[in-house]
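Asks: Just passing along the structure, written as structure tokens.
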Amino acid sequence: MNPTAYPLTWPENMPRTKTRSTSRFQTGLAGALKNVKSSLNLFAADSGKKVESVTISSNVTLGENSPTDPGVAFWFTWDGLSVCIAVDRYPKVQDNLQAIYHIIDGRRTELRHGGLHIVRATFTGFAALPSPTRKTWRAVFGFTEGEVCTIPEIERIFKTRAKACHPDTPNGSHEAMAELNRAHEEALKEYAP
């Protein structure tokens with residue numbers, strides 16, 4: 001999976017939180033981001049293993065610090081593992097980011113007291129693995145494999161399905177919308193001139 005900083009790229013193998021809790025964190029967005037980066041640098045130094053390909057994915061933009069979906073997915077590679085720590089437990093982006101800081105700091109504690117093998121085992125649970133039931137973009141859009149389609153057809157179907165899949169609709173969900181967005185991106189890549 002190729003995570004993007006915006007919009008939020010949530011790992012396919014991780015469920016979304018249905019009911020959010022209020023946190024006791026008192027950290028702003030800039031402070032939480034600084035904490036995560038600092039903790040990750042310390043973790044890399046403590047483990048002696050590089051942390052690479054870091055992407056902090058969320059729905060925050062320059063004009064929007066409080067998006068409707070406050071989830072944060074922190075993607076990186078460490079010691080040959082593709083890892084994603086994703087949190088959407090709290091209603092504020094900065095609180096979800098601060099939770100990721102505490103999770104990374106927890107791995108530092110495991111490293112100090114249990115060693116690399118304990119941290120590797122823990123990170124295996126965060127492995128950013130593709131979902132085994134992932135549909136192709138053609139299946140999501142209702143095309144058969146090999147069927148010829150056009151960009152206008154793809155756009156028409158995308159707009160129609162987006163109305164039904166959107167989380168604000170009765171039968172929509174974040175997962176359905178994420179699947180549709182992924183399929184849309186893959187379809188456009190295949191048919192891009």
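Starting from 1 in every chain, residues are counted up; chains themselves are A, B, ... following the order of the structure tokens, and ligands are numbered from 1 as listed.
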Going by DSSP on the backbone, which bits of segment 60-146 of chain A are helix (DSSP H, G or I)? Write them as a VMD selection string, please.
Replies: chain A and resid 93 to 114 116 to 125 137 to 141
Asks: Could you dump the residues just selected with C-alpha atoms as a PDB file, in the first residue's frame?
Replies:
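Result file follows (again21.pdb):
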ATOM      1  CA  VAL A  93      -6.478  14.762  15.497  1.00  0.00           C
ATOM      2  CA  GLN A  94      -3.891  15.981  18.023  1.00  0.00           C
ATOM      3  CA  ASP A  95      -5.170  13.505  20.627  1.00  0.00           C
ATOM      4  CA  ASN A  96      -4.910  10.579  18.194  1.00  0.00           C
ATOM      5  CA  LEU A  97      -1.405  11.739  17.282  1.00  0.00           C
ATOM      6  CA  GLN A  98      -0.470  12.014  20.971  1.00  0.00           C
ATOM      7  CA  ALA A  99      -1.757   8.439  21.464  1.00  0.00           C
ATOM      8  CA  ILE A 100       0.626   7.310  18.685  1.00  0.00           C
ATOM      9  CA  TYR A 101       3.452   9.042  20.569  1.00  0.00           C
ATOM     10  CA  HIS A 102       2.592   6.985  23.683  1.00  0.00           C
ATOM     11  CA  ILE A 103       2.461   3.766  21.633  1.00  0.00           C
ATOM     12  CA  ILE A 104       5.939   4.422  20.200  1.00  0.00           C
ATOM     13  CA  ASP A 105       7.203   5.331  23.657  1.00  0.00           C
ATOM     14  CA  GLY A 106       5.760   2.010  24.860  1.00  0.00           C
ATOM     15  CA  ARG A 107       7.880   0.229  22.260  1.00  0.00           C
ATOM     16  CA  ARG A 108      10.935   2.045  23.674  1.00  0.00           C
ATOM     17  CA  THR A 109      10.045   0.657  27.119  1.00  0.00           C
ATOM     18  CA  GLU A 110       9.714  -2.842  25.645  1.00  0.00           C
ATOM     19  CA  LEU A 111      13.090  -2.406  23.987  1.00  0.00           C
ATOM     20  CA  ARG A 112      14.787  -1.394  27.245  1.00  0.00           C
ATOM     21  CA  HIS A 113      13.272  -4.220  29.278  1.00  0.00           C
ATOM     22  CA  GLY A 114      12.633  -7.009  26.785  1.00  0.00           C
ATOM     23  CA  LEU A 116      14.636  -6.365  20.087  1.00  0.00           C
ATOM     24  CA  HIS A 117      12.798  -9.693  19.792  1.00  0.00           C
ATOM     25  CA  ILE A 118       9.948  -8.392  21.981  1.00  0.00           C
ATOM     26  CA  VAL A 119       9.597  -5.215  19.904  1.00  0.00           C
ATOM     27  CA  ARG A 120       9.697  -7.207  16.645  1.00  0.00           C
ATOM     28  CA  ALA A 121       6.883  -9.403  17.962  1.00  0.00           C
ATOM     29  CA  THR A 122       4.847  -6.344  18.950  1.00  0.00           C
ATOM     30  CA  PHE A 123       5.386  -4.600  15.616  1.00  0.00           C
ATOM     31  CA  THR A 124       4.250  -7.731  13.815  1.00  0.00           C
ATOM     32  CA  GLY A 125       0.802  -6.894  15.193  1.00  0.00           C
ATOM     33  CA  TRP A 137     -10.942  -1.767  -8.773  1.00  0.00           C
ATOM     34  CA  ARG A 138     -12.959  -3.452 -11.538  1.00  0.00           C
ATOM     35  CA  ALA A 139     -14.932  -5.497  -8.992  1.00  0.00           C
ATOM     36  CA  VAL A 140     -15.629  -2.383  -6.887  1.00  0.00           C
ATOM     37  CA  PHE A 141     -16.955  -0.543  -9.959  1.00  0.00           C
TER      38      PHE A 141
END
Asks: I'd like the contact shell of Ile154 of chain A - 12 Å cut-off, only C-alpha atoms, skipping same-chain residues fewer than 4 positions apart - returned as JSON, numbers by chain.
Replies: {"A": [137, 138, 140, 141, 142, 143, 148, 149, 150, 158, 159, 160, 161, 162, 180, 181, 183, 184, 185, 186, 187, 188, 189, 190, 191, 192]}
Asks: Distance atom CA of Pro70 of chain A-atom CA of Ser58 of chain A, one decimal place?
Replies: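 According to the coordinates, atom CA of Pro70 of chain A and atom CA of Ser58 of chain A are separated by 7.2 Å.
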Asks: Check segment 16-120 of chain A with DSSP on the backbone and list each residue it calls strand (DSSP E or B), as a ChimeraX atom specification.
Replies: /A:51-58,61,64,72-78,81-87
Asks: So which one's closest to Gly115 of chain A, A:Gly71, A:Pro152, A:Gly48, A:Gly63? Using only C-alpha atoms, please.
Replies: A:Gly48
Asks: Report, in Å with one decimal, the straight-line distance from atom CA of Asn59 of chain A to atom CA of Tyr90 of chain A.
Replies: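 So the two atoms, atom CA of Asn59 of chain A and atom CA of Tyr90 of chain A, lie 14.2 Å apart.
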Asks: Residues at most 8 Å from His166 of chain A, counting only C-alpha atoms, excluding those fewer than 5 positions away in the same chain, as a list in words?
Replies: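 Using only C-alpha atoms, the neighbours found are Gly172, Ser173, His174, Ala176 and Met177 of chain A.
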Asks: Could you save those same residues with N, CA and C atoms as a PDB file, in the first residue's frame?
Replies:
ATOM      1  N   GLY A 172     -23.609   3.970   4.460  1.00  0.00           N
ATOM      2  CA  GLY A 172     -22.204   4.211   4.159  1.00  0.00           C
ATOM      3  C   GLY A 172     -21.307   3.940   5.361  1.00  0.00           C
ATOM      4  N   SER A 173     -19.993   3.912   5.100  1.00  0.00           N
ATOM      5  CA  SER A 173     -19.009   3.713   6.168  1.00  0.00           C
ATOM      6  C   SER A 173     -17.663   4.240   5.694  1.00  0.00           C
ATOM      7  N   HIS A 174     -16.768   4.449   6.654  1.00  0.00           N
ATOM      8  CA  HIS A 174     -15.410   4.884   6.306  1.00  0.00           C
ATOM      9  C   HIS A 174     -14.716   3.815   5.457  1.00  0.00           C
ATOM     10  N   ALA A 176     -16.098   1.532   3.427  1.00  0.00           N
ATOM     11  CA  ALA A 176     -16.645   1.486   2.059  1.00  0.00           C
ATOM     12  C   ALA A 176     -16.132   2.658   1.238  1.00  0.00           C
ATOM     13  N   MET A 177     -16.059   3.836   1.853  1.00  0.00           N
ATOM     14  CA  MET A 177     -15.575   5.014   1.128  1.00  0.00           C
ATOM     15  C   MET A 177     -14.091   4.878   0.821  1.00  0.00           C
TER      16      MET A 177
END
Asks: So, with only C-alpha atoms as the atoms that count, which of A:Pro167, A:Pro67, A:Gly146, A:Gly28 lies closest to Pro7 of chain A?
Replies: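 Checking each candidate against Pro7 of chain A, we get A:Pro67 as the closest.
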Asks: Could I get the residues of segment 35-78 of chain A with an atom no further than 7 Å from an atom of segment 84-88 of chain A, each paired with its nearest atom pair and that distance in Å to one decimal, using only C-alpha atoms, sorted by chain and residue number, as CSV?
Replies:
residue,atom,partner,partner_atom,distance
A:Pro70,CA,A:Asp88,CA,6.3
A:Gly71,CA,A:Asp88,CA,4.0
A:Val72,CA,A:Val87,CA,5.5
A:Ala73,CA,A:Ala86,CA,4.0
A:Phe74,CA,A:Ile85,CA,5.1
A:Trp75,CA,A:Cys84,CA,4.4
A:Phe76,CA,A:Cys84,CA,6.5
Asks: At what distance in Å, to one decimal, does atom CA of Ser39 of chain A lie from atom CA of Ser21 of chain A?
Replies: 24.0 Å
